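Engineer: Got a structure for you, written out below as structure tokens; questions coming shortly.
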Amino acid sequence: MKKIFMSLALIGLFGMYANAQRNQSGIYLNYTDFNNNRLSYASNTASEKNNIRFHEFSGKDFITVNHMGEKKKLFKNEIYAYQRNNGQVVRTWNRIPYTLSEQGNIWIYYRDVNVSRGKGIQIERKYFYSTTGDGEIMPLTINNLKHSFPDKYLFQNFLDAQFRSDTELSLYDGFAKKFKVNRLLETTVAPVAKN
């Protein structure tokens with residue numbers, strides 16, 4: 001009984017720690033920091049010692065950090081990414097913010113952009129990808145994927161058959177709990193054997 005109680009207590013503590021990590025905001029200065037989950041200038045909503053302003057809506061090229069009473073500006077092209085209080089990671093590439101959606105064989109990101117539709121402007125979600133966590137971010141299109149994975153991969157053979165258009169690349173597989181394009185890559189990324 002005592003062992004069960006201790007196990008439940010440890011699980012509860014781990015859950016609280018994981019939730020606290022998710023509710024933190026901060027900056028990943030480089031890809032290594034991201035891999036090690038090491039946030040710089042980390043803060044949570046309850047703390048007022050550290051305050052981070054991302055300036056996403058105003059489009060500024062920098063992030064303002066109030067850290068221990070000192071105000072700093074960090075340029076977005078000099079950091080790897082930042083994490084919002086809700087756990088979302090936003091990676092900056094060429095001064096443009098991309099929200100990380102999934103890490104897999106390809107890393108999938110999205111951006112909400114204003115698109116002119118008839119008489120008005122609507123917000124449309126556009127998807128992007130990189131082949132590595134610190135690689136170039138490109139639009140998620142069938143043509144771009146074919147260039148990223150040359151003919152020697154089986155993936156090339158299945159890409160056109162599986163996806164009829166670029167918009168289908170952003171479909172999510174609820175059963176596999178990942179984007180369908182990453183699921184296809186998992187099953188077909190092995191190189192074709194040479195005869």
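Letters for chains follow the order of the structure tokens (A, B, ...), residue numbers begin at 1 for each chain, and ligand numbers begin at 1 in the order shown.
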Which polymer residues have any atom within 10 Å of an atom of Glu102 of chain A, counting only C-alpha atoms, with same-chain residues fewer than 3 positions away left out, as a list in words?
Structural biologist: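 Once the adjacent positions are removed, what remains is Thr99, Asn105, Ile106, Trp107, Ile108, Tyr109, Tyr110, Tyr129, Lys178, Phe179 and Asn182 of chain A.
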Engineer: Please produce a file of the residues just selected, as a compact mmCIF listing (two decimals), in the first residue's frame, where the atoms kept are all heavy atoms.
Structural biologist:
# COMPACT_ATOMS: atom_id res chain seq x y z
N THR A 99 4.61 28.55 -36.34
CA THR A 99 4.23 27.77 -35.17
C THR A 99 4.47 26.29 -35.46
O THR A 99 3.99 25.76 -36.47
CB THR A 99 2.74 28.00 -34.82
OG1 THR A 99 2.56 29.40 -34.61
CG2 THR A 99 2.36 27.25 -33.56
N ASN A 105 9.42 12.85 -39.37
CA ASN A 105 10.40 12.79 -40.46
C ASN A 105 10.56 14.15 -41.11
O ASN A 105 11.64 14.50 -41.57
CB ASN A 105 9.98 11.75 -41.49
CG ASN A 105 10.22 10.34 -40.99
OD1 ASN A 105 10.99 10.13 -40.08
ND2 ASN A 105 9.52 9.38 -41.57
N ILE A 106 9.46 14.88 -41.17
CA ILE A 106 9.55 16.30 -41.49
C ILE A 106 8.91 17.05 -40.33
O ILE A 106 8.04 16.53 -39.64
CB ILE A 106 8.86 16.67 -42.84
CG1 ILE A 106 7.38 16.31 -42.83
CG2 ILE A 106 9.58 16.06 -44.00
CD1 ILE A 106 6.62 16.82 -44.03
N TRP A 107 9.39 18.25 -40.09
CA TRP A 107 8.83 19.11 -39.05
C TRP A 107 7.79 19.98 -39.74
O TRP A 107 8.10 20.66 -40.72
CB TRP A 107 9.92 19.96 -38.42
CG TRP A 107 10.91 19.17 -37.63
CD1 TRP A 107 11.53 18.00 -37.98
CD2 TRP A 107 11.41 19.50 -36.33
NE1 TRP A 107 12.38 17.60 -36.99
CE2 TRP A 107 12.32 18.50 -35.96
CE3 TRP A 107 11.18 20.56 -35.45
CZ2 TRP A 107 13.00 18.52 -34.75
CZ3 TRP A 107 11.85 20.58 -34.24
CH2 TRP A 107 12.75 19.56 -33.90
N ILE A 108 6.57 19.97 -39.23
CA ILE A 108 5.48 20.70 -39.86
C ILE A 108 5.15 21.94 -39.03
O ILE A 108 5.02 21.87 -37.81
CB ILE A 108 4.25 19.80 -40.04
CG1 ILE A 108 4.61 18.62 -40.95
CG2 ILE A 108 3.08 20.59 -40.61
CD1 ILE A 108 3.52 17.61 -41.17
N TYR A 109 5.03 23.06 -39.72
CA TYR A 109 4.74 24.35 -39.12
C TYR A 109 3.52 24.95 -39.81
O TYR A 109 3.15 24.51 -40.91
CB TYR A 109 5.90 25.33 -39.32
CG TYR A 109 7.25 24.82 -38.92
CD1 TYR A 109 8.03 24.08 -39.81
CD2 TYR A 109 7.76 25.05 -37.65
CE1 TYR A 109 9.28 23.61 -39.45
CE2 TYR A 109 9.00 24.59 -37.27
CZ TYR A 109 9.75 23.86 -38.18
OH TYR A 109 10.98 23.39 -37.81
N TYR A 110 2.95 25.97 -39.19
CA TYR A 110 1.89 26.72 -39.86
C TYR A 110 2.01 28.21 -39.55
O TYR A 110 2.65 28.60 -38.59
CB TYR A 110 0.49 26.20 -39.49
CG TYR A 110 0.08 26.48 -38.07
CD1 TYR A 110 -0.52 27.69 -37.72
CD2 TYR A 110 0.25 25.53 -37.07
CE1 TYR A 110 -0.90 27.94 -36.41
CE2 TYR A 110 -0.14 25.78 -35.78
CZ TYR A 110 -0.72 26.99 -35.45
OH TYR A 110 -1.10 27.25 -34.16
N TYR A 129 7.19 23.23 -43.91
CA TYR A 129 7.94 22.11 -43.34
C TYR A 129 9.43 22.36 -43.42
O TYR A 129 9.91 23.22 -44.16
CB TYR A 129 7.59 20.80 -44.06
CG TYR A 129 8.29 20.63 -45.39
CD1 TYR A 129 9.41 19.81 -45.51
CD2 TYR A 129 7.86 21.31 -46.52
CE1 TYR A 129 10.05 19.67 -46.73
CE2 TYR A 129 8.49 21.17 -47.74
CZ TYR A 129 9.59 20.34 -47.83
OH TYR A 129 10.25 20.20 -49.02
N LYS A 178 -0.95 11.83 -36.08
CA LYS A 178 0.09 12.60 -36.76
C LYS A 178 -0.42 12.99 -38.14
O LYS A 178 -1.42 12.46 -38.62
CB LYS A 178 1.40 11.84 -36.87
CG LYS A 178 1.32 10.51 -37.58
CD LYS A 178 2.64 9.80 -37.58
CE LYS A 178 2.94 9.39 -36.17
NZ LYS A 178 4.15 8.67 -35.98
N PHE A 179 0.28 13.91 -38.77
CA PHE A 179 -0.09 14.31 -40.11
C PHE A 179 0.10 13.13 -41.06
O PHE A 179 1.05 12.35 -40.93
CB PHE A 179 0.77 15.49 -40.57
CG PHE A 179 0.34 16.81 -39.98
CD1 PHE A 179 0.75 17.19 -38.72
CD2 PHE A 179 -0.49 17.66 -40.70
CE1 PHE A 179 0.35 18.41 -38.18
CE2 PHE A 179 -0.90 18.87 -40.18
CZ PHE A 179 -0.48 19.24 -38.91
N ASN A 182 3.54 12.71 -42.71
CA ASN A 182 4.56 12.10 -41.86
C ASN A 182 4.33 10.60 -41.71
O ASN A 182 5.29 9.82 -41.65
CB ASN A 182 4.61 12.77 -40.48
CG ASN A 182 5.73 13.78 -40.37
OD1 ASN A 182 6.73 13.68 -41.07
ND2 ASN A 182 5.56 14.74 -39.51
Engineer: Find the residue from A:Ser43, A:Thr131, A:Asn37, A:Thr188 that sits nearest to Asn157 of chain A; use only C-alpha atoms when measuring.
Structural biologist: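 Result for the nearest residue to Asn157 of chain A: A:Thr188.
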Engineer: Go through A:Gly104, A:Gln122, A:Lys71, A:Asp134 one by one, measure the shortest atom-to-atom distance of each to Leu185 of chain A using only C-alpha atoms, and give the residue with the smallest value.
Structural biologist: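 Answer, going by the shortest atom-to-atom distance: A:Gly104.
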Engineer: Tell me, as a PyMOL selection string, which residues lie within 8 Å of Lys73 of chain A, counting only C-alpha atoms; anything in the same chain fewer than 4 positions away does not count.
Structural biologist: chain A and resi 62-65
Engineer: Restricted to N, CA and C atoms, what would the selected residues look like written as a tab-separated table (two decimals), in the first residue's frame?
Structural biologist:
chain	number	residue	atom	x	y	z
A	62	PHE	N	12.05	42.18	-33.40
A	62	PHE	CA	12.68	41.83	-32.13
A	62	PHE	C	11.65	41.41	-31.09
A	63	ILE	N	12.15	40.79	-30.05
A	63	ILE	CA	11.38	40.40	-28.87
A	63	ILE	C	11.88	41.26	-27.72
A	64	THR	N	10.96	41.76	-26.92
A	64	THR	CA	11.34	42.55	-25.75
A	64	THR	C	11.25	41.68	-24.51
A	65	VAL	N	12.32	41.63	-23.74
A	65	VAL	CA	12.38	40.80	-22.53
A	65	VAL	C	12.66	41.71	-21.34
Engineer: Which residue gives the smallest distance to Gln156 of chain A among A:Gln103, A:Asn77, A:Gln83, A:Asn144, with only C-alpha atoms counted?
Structural biologist: A:Asn144
Engineer: Between A:Ile96, A:Leu169, A:Ile27, A:Ile137, which residue has the minimum interatomic distance to Ile52 of chain A, considering only C-alpha atoms?
Structural biologist: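 Between A:Ile96, A:Leu169, A:Ile27, A:Ile137, the residue approaching Ile52 of chain A most closely is A:Ile27.
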Engineer: Could you tell me how far atom CA of Leu171 of chain A lies from atom CA of Phe155 of chain A, in Å and to one decimal?
Structural biologist: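 Taking atom CA of Leu171 of chain A as the start and atom CA of Phe155 of chain A as the end point, the length is 17.0 Å.
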